[in-house]
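Asks: Provided herewith is a single structure, encoded as structure tokens, for subsequent inquiry.
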Amino acid sequence: MTAVSDLSGALLDLYVAKAEGLEFPEIHGEGDEAVVVYLHHEIPDDDGQWRHFMPSISWADAGPLIDKYHVAVMRNRDGSWDAYTEGRCLHFGPEGKAEALGETVQIAVCRAVVAHVFGKEVLDAGV
């Protein structure tokens with residue numbers, strides 16, 4: 001098992017893709033060059049095409065997650081970010097169903113979504 005708080009890069013993106021139910025997500029490439037791709041259908045009956053999915057660095061992919069999971073974010077004094085799914089702000093601070101910390105807003109949001117769907121830990125093998 002791996003803690004969601006330890007996920008980053010393409011592996012984090014892959015778990016977000018699985019949480020979102022994207023079709024056949026997989027990692028292409030290695031190291032800093034690795035990206036997640038999935039089969040995307042423009043219309044239901046077409047053969048589909050492979051698309052990149054990089055919510056940990058792309059606002060185009062991370063933004064819809066914020067709306068779908070009602071994510072609240074808060075910047076910490078050390079510059080890191082907290083994200084809360086089904087978030088709401090209370091007089092003493094935000095809270096939500098799942099909480100995650102990240103170096104950027106996108107990473108915090110991705111970790112919160114993965115924790116929301118899978119819990120605080122995810123399986124290592126057979127991702």
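Going through the structure tokens in order, the chains are called A, B, and so on, while each chain numbers its residues from 1 and the ligands are numbered from 1 in the order shown.
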Could you write out, as a PyMOL selection string, all the residues of chain A that DSSP marks as alpha helix (DSSP H)?
Replies: chain A and resi 9-19+59-68+105-118
Asks: For Val109 of chain A, work out the shell of residues within 12 Å, counting only C-alpha atoms and skipping chain neighbours fewer than 3 positions away, then give it as number ranges by chain.
Replies: A: 4-5, 8, 12-13, 16, 55-59, 61-74, 80-87, 98-106, 112-116
Asks: Given the selection you just returned, output its residues as a file containing C-alpha atoms, formatted as a PDB file, in the first residue's frame.
Replies:
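Saved the output as again.pdb:
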ATOM      1  CA  VAL A   4      -1.994   9.046  -1.038  1.00  0.00           C
ATOM      2  CA  SER A   5       0.186  11.790   0.449  1.00  0.00           C
ATOM      3  CA  SER A   8       3.107  12.540  -7.288  1.00  0.00           C
ATOM      4  CA  LEU A  12      -0.861  10.590  -9.022  1.00  0.00           C
ATOM      5  CA  ASP A  13      -2.431  11.459 -12.379  1.00  0.00           C
ATOM      6  CA  VAL A  16      -7.008  10.447 -10.499  1.00  0.00           C
ATOM      7  CA  PRO A  55      -4.362  17.137 -13.524  1.00  0.00           C
ATOM      8  CA  SER A  56      -1.368  17.439 -11.192  1.00  0.00           C
ATOM      9  CA  ILE A  57       0.092  20.138 -13.470  1.00  0.00           C
ATOM     10  CA  SER A  58      -2.740  21.184 -15.807  1.00  0.00           C
ATOM     11  CA  TRP A  59      -5.564  23.515 -14.796  1.00  0.00           C
ATOM     12  CA  ASP A  61      -7.666  18.804 -16.125  1.00  0.00           C
ATOM     13  CA  ALA A  62      -7.636  19.888 -12.443  1.00  0.00           C
ATOM     14  CA  GLY A  63     -10.242  22.645 -12.681  1.00  0.00           C
ATOM     15  CA  PRO A  64     -13.234  20.375 -13.345  1.00  0.00           C
ATOM     16  CA  LEU A  65     -12.223  18.221 -10.350  1.00  0.00           C
ATOM     17  CA  ILE A  66     -12.593  21.233  -8.052  1.00  0.00           C
ATOM     18  CA  ASP A  67     -16.153  21.738  -9.247  1.00  0.00           C
ATOM     19  CA  LYS A  68     -17.147  18.060  -9.289  1.00  0.00           C
ATOM     20  CA  TYR A  69     -15.812  17.254  -5.805  1.00  0.00           C
ATOM     21  CA  HIS A  70     -16.625  20.681  -4.287  1.00  0.00           C
ATOM     22  CA  VAL A  71     -12.998  21.178  -3.309  1.00  0.00           C
ATOM     23  CA  ALA A  72     -12.039  23.955  -0.905  1.00  0.00           C
ATOM     24  CA  VAL A  73      -8.373  24.949  -0.817  1.00  0.00           C
ATOM     25  CA  MET A  74      -6.337  26.869   1.699  1.00  0.00           C
ATOM     26  CA  SER A  80       1.922  24.325   0.770  1.00  0.00           C
ATOM     27  CA  TRP A  81      -1.781  23.856   0.053  1.00  0.00           C
ATOM     28  CA  ASP A  82      -4.557  21.934   1.801  1.00  0.00           C
ATOM     29  CA  ALA A  83      -7.501  20.667  -0.245  1.00  0.00           C
ATOM     30  CA  TYR A  84     -10.793  19.356   1.134  1.00  0.00           C
ATOM     31  CA  THR A  85     -13.400  17.492  -0.911  1.00  0.00           C
ATOM     32  CA  GLU A  86     -17.004  18.423  -0.180  1.00  0.00           C
ATOM     33  CA  GLY A  87     -15.261  21.366   1.434  1.00  0.00           C
ATOM     34  CA  ALA A  98     -11.173  14.016   2.448  1.00  0.00           C
ATOM     35  CA  GLU A  99      -8.192  16.268   3.139  1.00  0.00           C
ATOM     36  CA  ALA A 100      -4.834  16.317   1.363  1.00  0.00           C
ATOM     37  CA  LEU A 101      -1.698  18.425   1.332  1.00  0.00           C
ATOM     38  CA  GLY A 102       0.275  19.384  -1.767  1.00  0.00           C
ATOM     39  CA  GLU A 103       3.113  21.565  -2.962  1.00  0.00           C
ATOM     40  CA  THR A 104       0.711  23.165  -5.468  1.00  0.00           C
ATOM     41  CA  VAL A 105      -3.051  23.614  -5.597  1.00  0.00           C
ATOM     42  CA  GLN A 106      -3.316  21.050  -8.391  1.00  0.00           C
ATOM     43  CA  ALA A 112      -7.834  14.959  -2.110  1.00  0.00           C
ATOM     44  CA  VAL A 113      -9.811  13.427  -5.002  1.00  0.00           C
ATOM     45  CA  VAL A 114      -7.853  10.155  -4.777  1.00  0.00           C
ATOM     46  CA  ALA A 115      -8.357  10.050  -0.986  1.00  0.00           C
ATOM     47  CA  HIS A 116     -12.055  10.840  -1.463  1.00  0.00           C
TER      48      HIS A 116
END
Asks: Report as a PyMOL selection string: the residues of chain A with a DSSP assignment of strand (DSSP E or B), based on the backbone of this structure.
Replies: chain A and resi 2-3+23-28+35-40+49-53+72-75+81-84+88-90+93-95+99-102+121-122
Asks: Between atom CA of Asp124 of chain A and atom CA of His40 of chain A, what is the distance, to one decimal in Å?
Replies: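 Interatomic distance here is 25.4 Å.
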Asks: So that I can see what lies close to Leu11 of chain A, please list as a PDB file with N, CA and C atoms, in the first residue's frame the residues with an atom at most 12 Å from it, counting only C-alpha atoms and leaving out residues fewer than 3 positions away in the same chain.
Replies:
ATOM      1  N   THR A   2       0.392   2.278  -0.642  1.00  0.00           N
ATOM      2  CA  THR A   2       1.079   3.562  -0.694  1.00  0.00           C
ATOM      3  C   THR A   2       0.150   4.632  -0.158  1.00  0.00           C
ATOM      4  N   VAL A   4      -1.626   8.073  -0.014  1.00  0.00           N
ATOM      5  CA  VAL A   4      -1.994   9.046  -1.038  1.00  0.00           C
ATOM      6  C   VAL A   4      -1.092  10.270  -0.944  1.00  0.00           C
ATOM      7  N   SER A   5      -0.684  10.620   0.255  1.00  0.00           N
ATOM      8  CA  SER A   5       0.186  11.790   0.449  1.00  0.00           C
ATOM      9  C   SER A   5       1.554  11.614  -0.208  1.00  0.00           C
ATOM     10  N   ASP A   6       1.929  10.380  -0.568  1.00  0.00           N
ATOM     11  CA  ASP A   6       3.211  10.117  -1.223  1.00  0.00           C
ATOM     12  C   ASP A   6       3.103  10.077  -2.744  1.00  0.00           C
ATOM     13  N   LEU A   7       1.900  10.128  -3.295  1.00  0.00           N
ATOM     14  CA  LEU A   7       1.724  10.073  -4.743  1.00  0.00           C
ATOM     15  C   LEU A   7       2.110  11.406  -5.379  1.00  0.00           C
ATOM     16  N   SER A   8       2.760  11.329  -6.546  1.00  0.00           N
ATOM     17  CA  SER A   8       3.107  12.540  -7.288  1.00  0.00           C
ATOM     18  C   SER A   8       3.254  12.191  -8.759  1.00  0.00           C
ATOM     19  N   LEU A  14      -2.452   9.043 -12.702  1.00  0.00           N
ATOM     20  CA  LEU A  14      -3.073   7.757 -13.019  1.00  0.00           C
ATOM     21  C   LEU A  14      -4.171   7.419 -12.020  1.00  0.00           C
ATOM     22  N   TYR A  15      -3.917   7.621 -10.742  1.00  0.00           N
ATOM     23  CA  TYR A  15      -4.951   7.335  -9.741  1.00  0.00           C
ATOM     24  C   TYR A  15      -6.141   8.277  -9.876  1.00  0.00           C
ATOM     25  N   VAL A  16      -5.896   9.529 -10.260  1.00  0.00           N
ATOM     26  CA  VAL A  16      -7.008  10.447 -10.499  1.00  0.00           C
ATOM     27  C   VAL A  16      -7.817   9.957 -11.702  1.00  0.00           C
ATOM     28  N   ALA A  17      -7.136   9.510 -12.761  1.00  0.00           N
ATOM     29  CA  ALA A  17      -7.826   8.987 -13.938  1.00  0.00           C
ATOM     30  C   ALA A  17      -8.697   7.796 -13.569  1.00  0.00           C
ATOM     31  N   LYS A  18      -8.182   6.933 -12.711  1.00  0.00           N
ATOM     32  CA  LYS A  18      -8.967   5.772 -12.263  1.00  0.00           C
ATOM     33  C   LYS A  18     -10.141   6.220 -11.394  1.00  0.00           C
ATOM     34  N   PRO A  25      -6.776   4.082 -18.692  1.00  0.00           N
ATOM     35  CA  PRO A  25      -5.656   4.991 -18.395  1.00  0.00           C
ATOM     36  C   PRO A  25      -4.369   4.206 -18.191  1.00  0.00           C
ATOM     37  N   GLU A  26      -3.272   4.756 -18.692  1.00  0.00           N
ATOM     38  CA  GLU A  26      -1.974   4.116 -18.501  1.00  0.00           C
ATOM     39  C   GLU A  26      -0.883   5.169 -18.578  1.00  0.00           C
ATOM     40  N   ILE A  27       0.279   4.829 -18.026  1.00  0.00           N
ATOM     41  CA  ILE A  27       1.417   5.733 -18.044  1.00  0.00           C
ATOM     42  C   ILE A  27       2.265   5.427 -19.269  1.00  0.00           C
ATOM     43  N   HIS A  28       2.599   6.477 -20.036  1.00  0.00           N
ATOM     44  CA  HIS A  28       3.519   6.364 -21.172  1.00  0.00           C
ATOM     45  C   HIS A  28       4.777   7.136 -20.831  1.00  0.00           C
ATOM     46  N   GLY A  29       5.927   6.546 -21.064  1.00  0.00           N
ATOM     47  CA  GLY A  29       7.198   7.197 -20.791  1.00  0.00           C
ATOM     48  C   GLY A  29       7.687   6.897 -19.388  1.00  0.00           C
ATOM     49  N   GLU A  30       8.829   7.494 -19.046  1.00  0.00           N
ATOM     50  CA  GLU A  30       9.449   7.252 -17.741  1.00  0.00           C
ATOM     51  C   GLU A  30       9.935   8.557 -17.134  1.00  0.00           C
ATOM     52  N   GLY A  31      10.125   8.553 -15.824  1.00  0.00           N
ATOM     53  CA  GLY A  31      10.689   9.689 -15.109  1.00  0.00           C
ATOM     54  C   GLY A  31       9.890  10.962 -15.322  1.00  0.00           C
ATOM     55  N   ASP A  32      10.610  12.063 -15.547  1.00  0.00           N
ATOM     56  CA  ASP A  32       9.955  13.359 -15.751  1.00  0.00           C
ATOM     57  C   ASP A  32       9.187  13.437 -17.063  1.00  0.00           C
ATOM     58  N   ALA A  34       7.186  11.025 -18.139  1.00  0.00           N
ATOM     59  CA  ALA A  34       6.000  10.161 -18.064  1.00  0.00           C
ATOM     60  C   ALA A  34       4.721  10.988 -18.056  1.00  0.00           C
ATOM     61  N   VAL A  35       3.729  10.537 -18.810  1.00  0.00           N
ATOM     62  CA  VAL A  35       2.408  11.159 -18.831  1.00  0.00           C
ATOM     63  C   VAL A  35       1.349  10.072 -18.812  1.00  0.00           C
ATOM     64  N   VAL A  36       0.173  10.433 -18.340  1.00  0.00           N
ATOM     65  CA  VAL A  36      -0.957   9.511 -18.368  1.00  0.00           C
ATOM     66  C   VAL A  36      -1.770   9.783 -19.630  1.00  0.00           C
ATOM     67  N   VAL A  37      -2.149   8.728 -20.299  1.00  0.00           N
ATOM     68  CA  VAL A  37      -3.033   8.833 -21.460  1.00  0.00           C
ATOM     69  C   VAL A  37      -4.253   7.959 -21.209  1.00  0.00           C
ATOM     70  N   PHE A  53      -3.698  13.214 -19.867  1.00  0.00           N
ATOM     71  CA  PHE A  53      -4.458  13.610 -18.674  1.00  0.00           C
ATOM     72  C   PHE A  53      -3.434  13.924 -17.600  1.00  0.00           C
ATOM     73  N   MET A  54      -3.291  15.211 -17.254  1.00  0.00           N
ATOM     74  CA  MET A  54      -2.256  15.645 -16.331  1.00  0.00           C
ATOM     75  C   MET A  54      -2.812  16.631 -15.287  1.00  0.00           C
ATOM     76  N   PRO A  55      -3.757  16.203 -14.467  1.00  0.00           N
ATOM     77  CA  PRO A  55      -4.362  17.137 -13.524  1.00  0.00           C
ATOM     78  C   PRO A  55      -3.404  17.665 -12.461  1.00  0.00           C
ATOM     79  N   SER A  56      -2.302  16.961 -12.221  1.00  0.00           N
ATOM     80  CA  SER A  56      -1.368  17.439 -11.192  1.00  0.00           C
ATOM     81  C   SER A  56      -0.567  18.651 -11.651  1.00  0.00           C
ATOM     82  N   ILE A 107      -1.785  19.629  -7.132  1.00  0.00           N
ATOM     83  CA  ILE A 107      -1.379  18.390  -6.453  1.00  0.00           C
ATOM     84  C   ILE A 107      -2.269  18.139  -5.245  1.00  0.00           C
ATOM     85  N   CYS A 110      -5.628  16.913  -6.505  1.00  0.00           N
ATOM     86  CA  CYS A 110      -5.544  15.528  -6.994  1.00  0.00           C
ATOM     87  C   CYS A 110      -5.475  14.536  -5.842  1.00  0.00           C
ATOM     88  N   ARG A 111      -4.647  14.817  -4.862  1.00  0.00           N
ATOM     89  CA  ARG A 111      -4.541  13.908  -3.713  1.00  0.00           C
ATOM     90  C   ARG A 111      -5.858  13.837  -2.943  1.00  0.00           C
ATOM     91  N   VAL A 114      -8.232  11.569  -4.925  1.00  0.00           N
ATOM     92  CA  VAL A 114      -7.853  10.155  -4.777  1.00  0.00           C
ATOM     93  C   VAL A 114      -8.241   9.656  -3.387  1.00  0.00           C
ATOM     94  N   VAL A 122      -3.537   3.593  -1.246  1.00  0.00           N
ATOM     95  CA  VAL A 122      -3.917   2.935  -2.492  1.00  0.00           C
ATOM     96  C   VAL A 122      -3.017   1.715  -2.702  1.00  0.00           C
ATOM     97  N   LEU A 123      -3.499   0.783  -3.483  1.00  0.00           N
ATOM     98  CA  LEU A 123      -2.725  -0.410  -3.810  1.00  0.00           C
ATOM     99  C   LEU A 123      -1.544  -0.057  -4.690  1.00  0.00           C
ATOM    100  N   ASP A 124      -0.419  -0.740  -4.488  1.00  0.00           N
ATOM    101  CA  ASP A 124       0.774  -0.514  -5.303  1.00  0.00           C
ATOM    102  C   ASP A 124       0.697  -1.258  -6.622  1.00  0.00           C
ATOM    103  N   ALA A 125       0.412  -2.525  -6.565  1.00  0.00           N
ATOM    104  CA  ALA A 125       0.457  -3.385  -7.744  1.00  0.00           C
ATOM    105  C   ALA A 125      -0.882  -3.358  -8.481  1.00  0.00           C
ATOM    106  N   VAL A 127      -2.125  -1.252 -10.519  1.00  0.00           N
ATOM    107  CA  VAL A 127      -2.784   0.056 -10.475  1.00  0.00           C
ATOM    108  C   VAL A 127      -3.886   0.067 -11.487  1.00  0.00           C
TER     109      VAL A 127
END
Asks: For Leu39 of chain A, find every residue with an atom within 12 Å (counting only C-alpha atoms), except residues of its own chain fewer than 5 positions away, and show them as a PDB file with C-alpha atoms, in the first residue's frame.
Replies:
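Output below, filename result.pdb:
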ATOM      1  CA  ALA A  17      -7.826   8.987 -13.938  1.00  0.00           C
ATOM      2  CA  GLY A  21     -13.374   6.260 -14.477  1.00  0.00           C
ATOM      3  CA  LEU A  22     -11.415   7.229 -17.591  1.00  0.00           C
ATOM      4  CA  GLU A  23     -11.156   4.470 -20.170  1.00  0.00           C
ATOM      5  CA  PHE A  24      -7.897   2.469 -20.182  1.00  0.00           C
ATOM      6  CA  PRO A  25      -5.656   4.991 -18.395  1.00  0.00           C
ATOM      7  CA  GLU A  26      -1.974   4.116 -18.501  1.00  0.00           C
ATOM      8  CA  PRO A  44     -20.130   7.285 -28.144  1.00  0.00           C
ATOM      9  CA  ASP A  46     -16.297   6.282 -32.519  1.00  0.00           C
ATOM     10  CA  ASP A  47     -13.052   4.325 -32.112  1.00  0.00           C
ATOM     11  CA  GLY A  48     -11.604   6.951 -29.794  1.00  0.00           C
ATOM     12  CA  GLN A  49      -8.220   8.604 -29.616  1.00  0.00           C
ATOM     13  CA  TRP A  50      -5.545   8.762 -26.936  1.00  0.00           C
ATOM     14  CA  ARG A  51      -5.482  11.943 -24.868  1.00  0.00           C
ATOM     15  CA  HIS A  52      -3.086  13.197 -22.198  1.00  0.00           C
ATOM     16  CA  PHE A  53      -4.458  13.610 -18.674  1.00  0.00           C
TER      17      PHE A  53
END
Asks: From the list A:Met1, A:Ala19, A:Asn76, A:Glu121, which residue is nearest Ala108 of chain A when using only C-alpha atoms?
Replies: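 Checking each of A:Met1, A:Ala19, A:Asn76, A:Glu121 against Ala108 of chain A, counting only C-alpha atoms, the winner is A:Asn76.
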